[in-house]
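Colleague: You'll find upload_33.txt just under this line, and it carries compact mmCIF, C-alpha atoms.
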# COMPACT_ATOMS: atom_id res chain seq x y z
CA MET D 1224 0.00 0.00 0.00
CA THR D 1225 1.30 3.44 -0.93
CA VAL D 1226 0.86 5.85 1.96
CA GLU D 1227 0.93 9.55 1.21
CA THR D 1228 1.44 11.80 4.19
CA VAL D 1229 0.29 15.42 4.20
CA THR D 1230 1.01 17.36 7.38
CA ALA D 1231 -0.22 20.54 9.02
CA ALA D 1232 0.31 22.82 11.98
CA VAL D 1233 -2.19 25.12 13.67
CA LEU D 1234 -0.98 28.51 14.83
CA VAL D 1235 -3.39 30.24 17.23
CA ILE D 1236 -2.76 33.97 17.51
CA GLY D 1237 -4.07 36.13 20.32
CA ASP D 1238 -3.34 37.52 23.76
CA GLU D 1239 -6.88 36.63 24.79
CA ILE D 1240 -6.16 32.91 24.36
CA LEU D 1241 -2.96 33.04 26.40
CA SER D 1242 -4.61 35.05 29.18
CA GLY D 1243 -7.48 32.57 29.43
CA ARG D 1244 -10.08 35.24 28.72
CA THR D 1245 -11.12 33.43 25.55
CA LYS D 1246 -11.32 29.64 25.48
CA ASP D 1247 -10.12 28.22 22.18
CA LYS D 1248 -12.80 26.32 20.27
CA ASN D 1249 -10.96 25.99 16.98
CA ILE D 1250 -8.05 23.60 17.54
CA GLY D 1251 -10.14 20.46 18.02
CA TYR D 1252 -12.44 21.35 15.15
CA ILE D 1253 -9.55 21.96 12.74
CA ALA D 1254 -7.72 18.79 13.80
CA GLU D 1255 -10.79 16.60 13.35
CA TYR D 1256 -11.70 18.29 10.06
CA LEU D 1257 -8.21 17.85 8.60
CA THR D 1258 -7.93 14.26 9.82
CA GLN D 1259 -11.04 13.42 7.83
CA LEU D 1260 -9.33 14.87 4.75
CA GLY D 1261 -6.18 12.83 5.26
CA ILE D 1262 -4.11 15.73 6.60
CA ASP D 1263 -2.20 14.97 9.80
CA VAL D 1264 -2.00 17.78 12.35
CA ARG D 1265 1.46 17.45 13.86
CA GLU D 1266 1.82 20.59 15.93
CA VAL D 1267 -0.19 23.38 17.58
CA ARG D 1268 1.28 26.65 18.83
CA VAL D 1269 -0.28 29.63 20.57
CA VAL D 1270 1.44 33.01 20.27
CA PRO D 1271 0.58 36.53 21.47
CA ASP D 1272 -0.29 39.53 19.35
CA VAL D 1273 3.38 40.35 18.90
CA GLU D 1274 4.74 40.64 15.37
CA GLU D 1275 8.11 39.09 16.12
CA GLU D 1276 6.50 36.08 17.80
CA ILE D 1277 4.07 35.55 14.93
CA VAL D 1278 6.74 35.87 12.24
CA THR D 1279 9.14 33.52 14.04
CA ALA D 1280 6.50 30.85 14.61
CA LEU D 1281 5.12 31.13 11.10
CA ASN D 1282 8.51 30.80 9.43
CA ALA D 1283 9.38 27.79 11.57
CA LEU D 1284 6.10 25.99 10.88
CA ARG D 1285 5.66 26.73 7.17
CA HIS D 1286 9.04 25.19 6.36
CA ARG D 1287 8.32 22.11 8.48
CA TYR D 1288 4.80 21.13 7.40
CA THR D 1289 2.74 20.90 4.23
CA TYR D 1290 0.28 23.50 5.51
CA VAL D 1291 -0.06 25.99 8.34
CA PHE D 1292 -3.53 27.11 9.46
CA THR D 1293 -3.71 30.25 11.56
CA THR D 1294 -6.65 31.60 13.54
CA GLY D 1295 -7.14 35.06 14.97
CA GLY D 1296 -5.86 38.57 14.47
CA ILE D 1297 -7.47 39.66 11.19
CA GLY D 1298 -10.13 42.01 12.58
CA PRO D 1299 -10.47 45.81 12.41
CA THR D 1300 -8.64 46.90 15.58
CA HIS D 1301 -5.05 48.01 16.15
CA ASP D 1302 -4.06 44.74 17.82
CA ASP D 1303 -5.10 42.65 14.81
CA ILE D 1304 -1.67 42.35 13.24
CA THR D 1305 -1.73 38.88 11.69
CA ALA D 1306 -1.95 40.06 8.07
CA ASP D 1307 1.00 42.42 8.51
CA SER D 1308 3.02 39.72 10.25
CA VAL D 1309 2.33 37.23 7.48
CA ALA D 1310 3.44 39.77 4.86
CA LYS D 1311 6.66 40.30 6.80
CA ALA D 1312 7.26 36.54 7.11
CA PHE D 1313 6.93 36.14 3.34
CA GLY D 1314 8.82 39.33 2.54
CA VAL D 1315 5.98 40.89 0.51
CA ASP D 1316 4.12 44.18 0.65
CA ILE D 1317 0.61 44.55 2.01
CA SER D 1318 -2.11 46.98 0.95
CA GLU D 1319 -5.84 47.31 0.45
CA ASP D 1320 -6.99 44.68 -2.00
CA PRO D 1321 -9.52 45.87 -4.61
CA ARG D 1322 -11.20 42.47 -4.52
CA VAL D 1323 -11.91 42.85 -0.81
CA ILE D 1324 -13.02 46.45 -1.12
CA ALA D 1325 -15.54 45.32 -3.74
CA LEU D 1326 -16.86 42.68 -1.33
CA MET D 1327 -17.03 44.84 1.76
CA ALA D 1328 -18.01 48.32 0.62
CA PRO D 1329 -21.59 47.46 -0.41
CA ARG D 1330 -22.32 46.20 3.13
CA TYR D 1331 -22.01 49.64 4.68
CA LYS D 1332 -23.93 52.88 4.49
CA PRO D 1333 -22.07 55.96 3.21
CA GLY D 1334 -19.43 56.95 5.73
CA GLU D 1335 -19.55 53.66 7.68
CA PHE D 1336 -16.78 51.96 5.72
CA ASN D 1337 -14.20 53.67 7.90
CA ALA D 1338 -10.46 53.23 8.37
CA ALA D 1339 -10.89 50.51 10.99
CA ARG D 1340 -13.11 48.41 8.74
CA ARG D 1341 -10.81 48.99 5.78
CA ARG D 1342 -8.01 47.35 7.76
CA MET D 1343 -9.71 44.05 7.02
CA ALA D 1344 -9.24 44.71 3.28
CA ARG D 1345 -5.45 44.76 3.62
CA ILE D 1346 -4.06 41.59 2.07
CA PRO D 1347 -0.41 40.57 1.47
CA HIS D 1348 0.50 40.84 -2.18
CA GLY D 1349 0.21 37.56 -4.06
CA ALA D 1350 -2.30 35.98 -1.67
CA ASP D 1351 -5.51 34.27 -2.74
CA LEU D 1352 -8.69 35.10 -0.87
CA VAL D 1353 -10.50 32.65 1.39
CA ALA D 1354 -14.23 33.36 1.41
CA ASN D 1355 -16.13 34.31 4.54
CA LYS D 1356 -19.82 33.50 4.13
CA VAL D 1357 -20.72 34.82 7.58
CA SER D 1358 -19.40 38.38 7.71
CA VAL D 1359 -17.82 38.85 4.25
CA ALA D 1360 -14.33 40.07 5.26
CA PRO D 1361 -12.16 37.25 3.88
CA GLY D 1362 -9.18 35.32 5.05
CA PHE D 1363 -6.40 34.53 2.63
CA MET D 1364 -3.93 31.88 1.54
CA ILE D 1365 -0.33 32.64 0.64
CA GLY D 1366 2.09 29.85 -0.13
CA ASN D 1367 1.21 26.99 2.18
CA VAL D 1368 -0.27 29.24 4.88
CA ILE D 1369 -4.02 29.66 5.37
CA ILE D 1370 -5.06 32.70 7.42
CA MET D 1371 -8.48 32.42 9.08
CA ALA D 1372 -10.58 34.32 11.60
CA GLY D 1373 -10.66 33.43 15.29
CA VAL D 1374 -14.46 33.48 15.58
CA PRO D 1375 -15.40 29.78 15.27
CA ALA D 1376 -18.38 30.21 12.93
CA VAL D 1377 -16.32 32.38 10.58
CA MET D 1378 -13.27 30.12 10.78
CA GLN D 1379 -15.38 27.10 9.87
CA THR D 1380 -16.78 28.66 6.71
CA MET D 1381 -13.27 29.71 5.70
CA LEU D 1382 -12.02 26.17 6.22
CA ASP D 1383 -14.83 24.88 4.00
CA ASP D 1384 -13.88 27.35 1.29
CA VAL D 1385 -10.18 26.50 1.22
CA THR D 1386 -10.61 22.72 1.32
CA PRO D 1387 -10.82 22.18 -2.48
CA ARG D 1388 -7.39 23.81 -2.86
CA LEU D 1389 -5.65 21.47 -0.43
CA LYS D 1390 -3.58 18.44 -1.23
CA THR D 1391 -4.76 15.50 0.83
CA GLY D 1392 -3.07 12.28 1.85
CA THR D 1393 -4.00 8.79 2.97
CA LYS D 1394 -6.62 8.91 5.70
CA MET D 1395 -5.80 7.66 9.16
CA LEU D 1396 -7.75 4.60 10.30
CA MET D 1397 -8.46 4.09 13.98
CA GLU D 1398 -9.87 1.50 16.34
CA THR D 1399 -10.57 1.92 20.05
CA ILE D 1400 -10.33 -1.09 22.36
CA ASP D 1401 -11.59 -1.19 25.95
CA ALA D 1402 -8.91 -2.51 28.29
CA ALA D 1403 -11.55 -4.59 30.10
CA GLY D 1404 -10.69 -3.46 33.60
CA LEU D 1405 -6.94 -3.80 33.27
CA ALA D 1406 -4.75 -1.10 34.82
CA GLU D 1407 -2.18 0.64 32.62
CA GLY D 1408 0.61 -0.63 34.83
CA THR D 1409 -0.51 -4.18 34.09
CA TYR D 1410 -0.33 -3.94 30.32
CA GLY D 1411 2.25 -1.17 29.87
CA GLY D 1412 5.12 -3.55 29.09
CA PRO D 1413 3.27 -5.91 26.74
CA LEU D 1414 1.63 -2.99 24.95
CA GLY D 1415 5.06 -1.49 24.32
CA ASP D 1416 6.16 -4.78 22.77
CA ILE D 1417 3.13 -4.74 20.46
CA ALA D 1418 3.86 -1.16 19.43
CA ALA D 1419 7.46 -2.10 18.63
CA ALA D 1420 6.29 -5.05 16.53
CA HIS D 1421 3.90 -2.95 14.44
CA THR D 1422 5.94 0.01 13.29
CA GLY D 1423 3.28 1.07 10.78
CA ALA D 1424 0.82 1.76 13.59
CA THR D 1425 0.69 4.13 16.52
CA ILE D 1426 -0.73 2.80 19.76
CA GLY D 1427 -1.77 4.84 22.76
CA SER D 1428 -3.37 4.20 26.13
CA TYR D 1429 -5.88 6.70 27.48
CA PRO D 1430 -7.24 6.55 31.04
CA SER D 1431 -10.50 8.18 32.05
CA PHE D 1432 -12.54 8.60 35.23
CA LEU D 1433 -16.28 8.17 34.83
CA ASP D 1434 -19.04 7.47 37.35
CA GLY D 1435 -16.49 7.11 40.11
CA LYS D 1436 -14.46 4.48 38.28
CA PHE D 1437 -11.22 4.46 36.35
CA SER D 1438 -11.19 2.86 32.92
CA ASN D 1439 -8.65 2.61 30.16
CA GLN D 1440 -8.95 2.56 26.39
CA ILE D 1441 -6.28 1.56 23.94
CA VAL D 1442 -6.36 3.36 20.60
CA VAL D 1443 -4.64 1.93 17.54
CA ARG D 1444 -4.08 4.11 14.47
CA SER D 1445 -2.63 3.31 11.06
CA LYS D 1446 -3.02 4.39 7.45
CA ASP D 1447 -2.74 0.74 6.36
CA ALA D 1448 -5.81 -1.41 7.05
CA GLN D 1449 -3.81 -4.64 7.25
CA VAL D 1450 -1.32 -3.17 9.70
CA LEU D 1451 -4.20 -1.83 11.80
CA ALA D 1452 -5.96 -5.20 11.85
CA ALA D 1453 -2.81 -7.06 12.88
CA ALA D 1454 -2.03 -4.65 15.70
CA VAL D 1455 -5.62 -4.70 16.95
CA ALA D 1456 -5.62 -8.50 16.97
CA ASP D 1457 -2.46 -8.50 19.09
CA VAL D 1458 -3.96 -6.01 21.54
CA HIS D 1459 -7.10 -8.13 21.95
CA ALA D 1460 -4.95 -11.21 22.49
CA MET D 1461 -2.88 -9.38 25.11
CA ILE D 1462 -6.00 -8.28 27.01
CA ALA D 1463 -7.42 -11.81 26.95
CA ARG D 1464 -4.13 -13.27 28.15
CA LEU D 1465 -3.70 -10.79 31.01
CA ASN D 1466 -7.30 -11.14 32.15
CA ALA D 1467 -6.98 -14.93 32.12
CA ALA D 1468 -3.86 -14.66 34.27
CA ARG D 1469 -5.65 -12.29 36.64
CA ALA D 1470 -8.62 -14.66 36.95
CA ALA D 1471 -6.31 -17.57 37.65
CA GLY D 1472 -4.98 -15.60 40.57
Turn this file's structure into structure tokens for me.
Modeller:
Amino acid sequence: MTVETVTAAVLVIGDEILSGRTKDKNIGYIAEYLTQLGIDVREVRVVPDVEEEIVTALNALRHRYTYVFTTGGIGPTHDDITADSVAKAFGVDISEDPRVIALMAPRYKPGEFNAARRRMARIPHGADLVANKVSVAPGFMIGNVIIMAGVPAVMQTMLDDVTPRLKTGTKMLMETIDAAGLAEGTYGGPLGDIAAAHTGATIGSYPSFLDGKFSNQIVVRSKDAQVLAAAVADVHAMIARLNAARAAG
């Protein structure tokens, strides 16, 4: 089986996220959305509204991954500096884009399309627009970087718009197995052996506490169905073997 891997990072921009004032609702949505497309999210960073921090993070991520998706910092106020930071990272100029002016101007009464609102029409040169079906002011895509709003409803419509332009890879397959009452310390060693034997799969153990009881789930992931099936079979066999030993006392 030929496995094609396409990777991505998410860069969340905003002092309000780091301060805790705003709770991020975008990371999980983007990760799940991209996973369904066959794009593996490998890294997430959160940076403040500081140009140097944005530029440094963006340049590191865009050279490391197939795509970088950013959220936040493209509104009308002085602290919305994402577009300018992206232009600096790519070494291009930024100015009001006639395409955006044509989209936004008709939404306002005479005199209402002020300087603050026109900030949202400033796009780095050479970027393609990413449509915003909620509030019109678009995001944009330049190189392998997709710039989106921080407001979840707006971000989601932008993600929908950009999807047809993205290269996608082999989708990740996943199976979740209940550990049947076994503690992680009981199966930690054997599970590590299974993971080492199935290098085409990733295997993780995830504890939870529900209704006053601890439980564990083992999650097996692979982009190859045969590799997944073989690893899952070994995990089931391990659980059966350990439970039999526990029952035997």
Colleague: List as a tab-separated table every residue of region 1382-1434 of chain D that is in contact with region 1241-1253 of chain D, defined as an atom at most 12 Å from one of its atoms (using only C-alpha atoms), together with the nearest atom pair and the distance in Å rounded to one decimal, sorted by chain and then rising number.
Modeller:
residue	atom	partner	partner_atom	distance
D:Leu1382	CA	D:Ile1253	CA	8.1
D:Asp1383	CA	D:Ile1253	CA	10.6
D:Thr1386	CA	D:Ile1253	CA	11.5
Colleague: For Gln1259 (chain D), please output as a list in words all residues within 12 Å (counting only C-alpha atoms; exclusion window: fewer than 6 positions along the same chain).
Modeller: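 Once the adjacent positions are removed, what remains is Tyr1252, Ile1253, Thr1386, Thr1391, Gly1392, Thr1393, Lys1394, Met1395, Leu1396 and Met1397 of chain D.
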Colleague: List the neighbours of region 1291-1295 of chain D out to 7 Å using all atoms listed in the file; skip same-chain residues closer than 4 positions along the sequence, and give me the result as number ranges by chain.
Modeller: D: 1231-1237, 1284-1285, 1367-1373
Colleague: Can you work out which one of D:Ala1354, D:Ala1454, D:Ala1406, D:Ala1325 has the shortest atom-to-atom distance to Arg1341 (chain D), counting all atoms listed in the file?
Modeller: D:Ala1325
Colleague: List every protein, DNA or RNA residue with an atom no more than 10 Å from (-19.4, 36.8, 9.9) in the file's coordinates, counting only C-alpha atoms, and format the result as a ChimeraX atom specification.
Modeller: /D:1355-1361,1372,1374-1378,1380
